[in-house]
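A short write-up of the structure that comes next.
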Amino acid sequence: MTTFNRTYRSPKFFLCVHHTEEAHVGFEPAEERFSHFSFICRGSGRFHALVDGEFVSHTSMGVKELFPVGKYINCNVVGESDENTRAISFNSWNKNDKWEGRLIETGTVSSTQRYAAIVCLEGSCTVDGKEIQELEYANLKPNKEYSINISEDSYVGLFELC
Amino acid sequence: MKIIFKIIEYLPETEQVVVSFCRQNAPKSIDDYYPVVIDCKYIDNTDRVNLIESLFQLGMPIIKQQESEEVTPESNVASEMFFGKSYDDFIGKVVSIDTDELQSIKSKRMRRIDIE
């Protein structure tokens with residue numbers, strides 16, 4: 001079985017990229033959980049969080065969607081990945097941070113929050129003419145509007161520290 | 001790191017082997033390391049490759065122990081790690097990390113694109 005995990009660090013957040021070639025089941029204790037969002041690039045998986053002694057299951061997380069998992073940040077979790085699955089989680093260094101996140105489309109992007117970043121989860125995009133490749137990010141200045149062009153089959157998230 | 005073993009003796013009455021282990025680039029000959037006795041029941045002898053690999057797996061703790069007992073030259077003792085991160089701060093300091101720890105780290109800094 002091949003599983004590959006890699007962490008991409010930035011000062012305010014980090015991404016964990018989990019890739020499984022074959023089906024994989026993993027346990028993540030609450031003290032090791034810092035995830036606010038999950039993005040399934042391909043494949044499929046299931047997520048079971050232990051809440052007040054009962055498992056809460058999400059059996060269809062869907063691909064190419066940003067799935068909020070922050071409410072389970074203090075829960076023990078069992079994650080199942082089917083074969084050939086690639087998932088990216090967006091994590092904060094501090095569990096108490098409150099993050100908003102959503103996928104964005106070509107057009108304009110801005111944030112009123114004191115810290116916001118756009119993260120290219122898959123593919124590439126350009127922001128005010130500057131290219132951002134997969135798993136690269138750019139910080140946004142508060143209240144400044146940026147022009148963003150997202151390439152075909154690319155997915156970009158806006159993450160705001162609230 | 002390359003590691004080596006040499007079977008010194010096979011004891012058919014007790015089904016044991018006497019083996020020496022060390023790193024290939026150890027500071028002394030493999031013949032100068034104390035051999036150990038291993039029960040053959042712990043060795044996977046289904047084929048030659050399995051036999052060799054299982055013996056190495058059994059020998060790894062011994063090799064790690066040898067390595068930890070080797071004398072560290074005074075000039076190789078690591079400095080305190082908590083200093084600034086500019087290259088100037090590093091000059092003249094010896095920095096160390098356990099390679100086992102290093103192998104478990106699969107982390108890299110994200111590239112930030114400056115658009116501000």
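We label chains A, B, ... in the order they appear in the structure tokens, count residues from 1 in each chain, and number ligands from 1 in the order shown.
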
- Message: Env of region 86-99 of chain A: 10 Å cut, atoms = only C-alpha atoms, seq-sep filter 4 positions within chain, self excluded. Answer as a PyMOL selection string.
- Response: chain A and resi 3-21+31-45+63-64+66-70+73-74+81-82+115-116+119+121-122+135+157+159-162

- Select from chain B everything DSSP, run on the backbone, classes as alpha helix (DSSP H), then give the selection as a ChimeraX atom specification. /B:48-69,87-90,99-104

Quick one: write out the picked residues with C-alpha atoms as an mmCIF file, in the first residue's frame?
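Writing done, so here's result_9.cif:
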data_model
loop_
_atom_site.group_PDB
_atom_site.id
_atom_site.type_symbol
_atom_site.label_atom_id
_atom_site.label_comp_id
_atom_site.auth_asym_id
_atom_site.auth_seq_id
_atom_site.Cartn_x
_atom_site.Cartn_y
_atom_site.Cartn_z
ATOM 1 C CA ARG B 48 17.906 -16.032 0.187
ATOM 2 C CA VAL B 49 16.629 -12.445 -0.118
ATOM 3 C CA ASN B 50 14.196 -12.889 2.776
ATOM 4 C CA LEU B 51 16.933 -14.457 4.870
ATOM 5 C CA ILE B 52 19.268 -11.518 4.263
ATOM 6 C CA GLU B 53 16.580 -8.874 4.795
ATOM 7 C CA SER B 54 15.242 -10.463 7.963
ATOM 8 C CA LEU B 55 18.753 -10.761 9.404
ATOM 9 C CA PHE B 56 19.354 -7.088 8.677
ATOM 10 C CA GLN B 57 16.058 -6.207 10.369
ATOM 11 C CA LEU B 58 17.153 -8.177 13.429
ATOM 12 C CA GLY B 59 20.548 -6.459 13.340
ATOM 13 C CA MET B 60 19.342 -2.864 12.984
ATOM 14 C CA PRO B 61 18.954 -2.222 16.734
ATOM 15 C CA ILE B 62 22.497 -3.536 17.283
ATOM 16 C CA ILE B 63 23.886 -1.247 14.577
ATOM 17 C CA LYS B 64 22.019 1.743 15.995
ATOM 18 C CA GLN B 65 23.398 0.921 19.431
ATOM 19 C CA GLN B 66 26.951 0.735 18.029
ATOM 20 C CA GLU B 67 26.480 4.082 16.311
ATOM 21 C CA SER B 68 25.154 5.729 19.475
ATOM 22 C CA GLU B 69 28.147 4.479 21.460
ATOM 23 C CA TYR B 87 22.878 32.803 7.438
ATOM 24 C CA ASP B 88 25.149 35.068 9.470
ATOM 25 C CA ASP B 89 23.610 33.645 12.657
ATOM 26 C CA PHE B 90 24.537 30.128 11.534
ATOM 27 C CA THR B 99 18.056 11.265 10.787
ATOM 28 C CA ASP B 100 15.103 9.148 11.994
ATOM 29 C CA GLU B 101 13.341 12.382 12.841
ATOM 30 C CA LEU B 102 14.300 13.902 9.502
ATOM 31 C CA GLN B 103 12.808 11.010 7.555
ATOM 32 C CA SER B 104 9.457 11.463 9.291
#

- Item | strand (DSSP E or B) call set, DSSP backbone run, chain B, as a VMD selection string | chain B and resid 3 to 11 16 to 23 36 to 39 107 to 109 111 to 112

- Just need the residues of chain B within 6 Å of chain A, counting only C-alpha atoms, so spit them out as a list in words.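 Using only C-alpha atoms, chain B residues at most 6 Å from chain A: Lys106, Ser107, Lys108, Arg109, Met110, Arg111, Arg112 and Ile113 of chain B.
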
- Exercise: region 7-17 of chain B partners within 8 Å, only C-alpha atoms, chain neighbours under 6 positions left out, as JSON, numbers by chain: {"B": [35, 37, 38, 39, 40, 41]}

At a cut-off of 6 Å, using only C-alpha atoms, what residues contact His48 (chain A)? Leave out same-chain residues fewer than 4 positions from it and give the result as an mmCIF file with N, CA and C atoms, in the first residue's frame.
data_model
loop_
_atom_site.group_PDB
_atom_site.id
_atom_site.type_symbol
_atom_site.label_atom_id
_atom_site.label_comp_id
_atom_site.auth_asym_id
_atom_site.auth_seq_id
_atom_site.Cartn_x
_atom_site.Cartn_y
_atom_site.Cartn_z
ATOM 1 N N PHE A 55 -20.466 8.221 16.503
ATOM 2 C CA PHE A 55 -19.833 8.582 15.238
ATOM 3 C C PHE A 55 -20.794 9.364 14.351
ATOM 4 N N VAL A 56 -20.331 10.492 13.861
ATOM 5 C CA VAL A 56 -21.056 11.255 12.844
ATOM 6 C C VAL A 56 -20.323 11.007 11.533
ATOM 7 N N SER A 57 -21.037 10.435 10.555
ATOM 8 C CA SER A 57 -20.378 10.046 9.308
ATOM 9 C C SER A 57 -20.782 10.946 8.157
ATOM 10 N N VAL A 77 -11.136 11.400 14.859
ATOM 11 C CA VAL A 77 -11.710 11.178 13.527
ATOM 12 C C VAL A 77 -11.108 9.936 12.881
ATOM 13 N N VAL A 78 -11.955 9.178 12.203
ATOM 14 C CA VAL A 78 -11.488 8.084 11.358
ATOM 15 C C VAL A 78 -11.758 8.494 9.913
#

- Message: Would you compute the distance between CA of Tyr155 (chain A) and CA of Ser124 (chain A)? Give it in Å to one decimal.
- Response: 7.6 Å
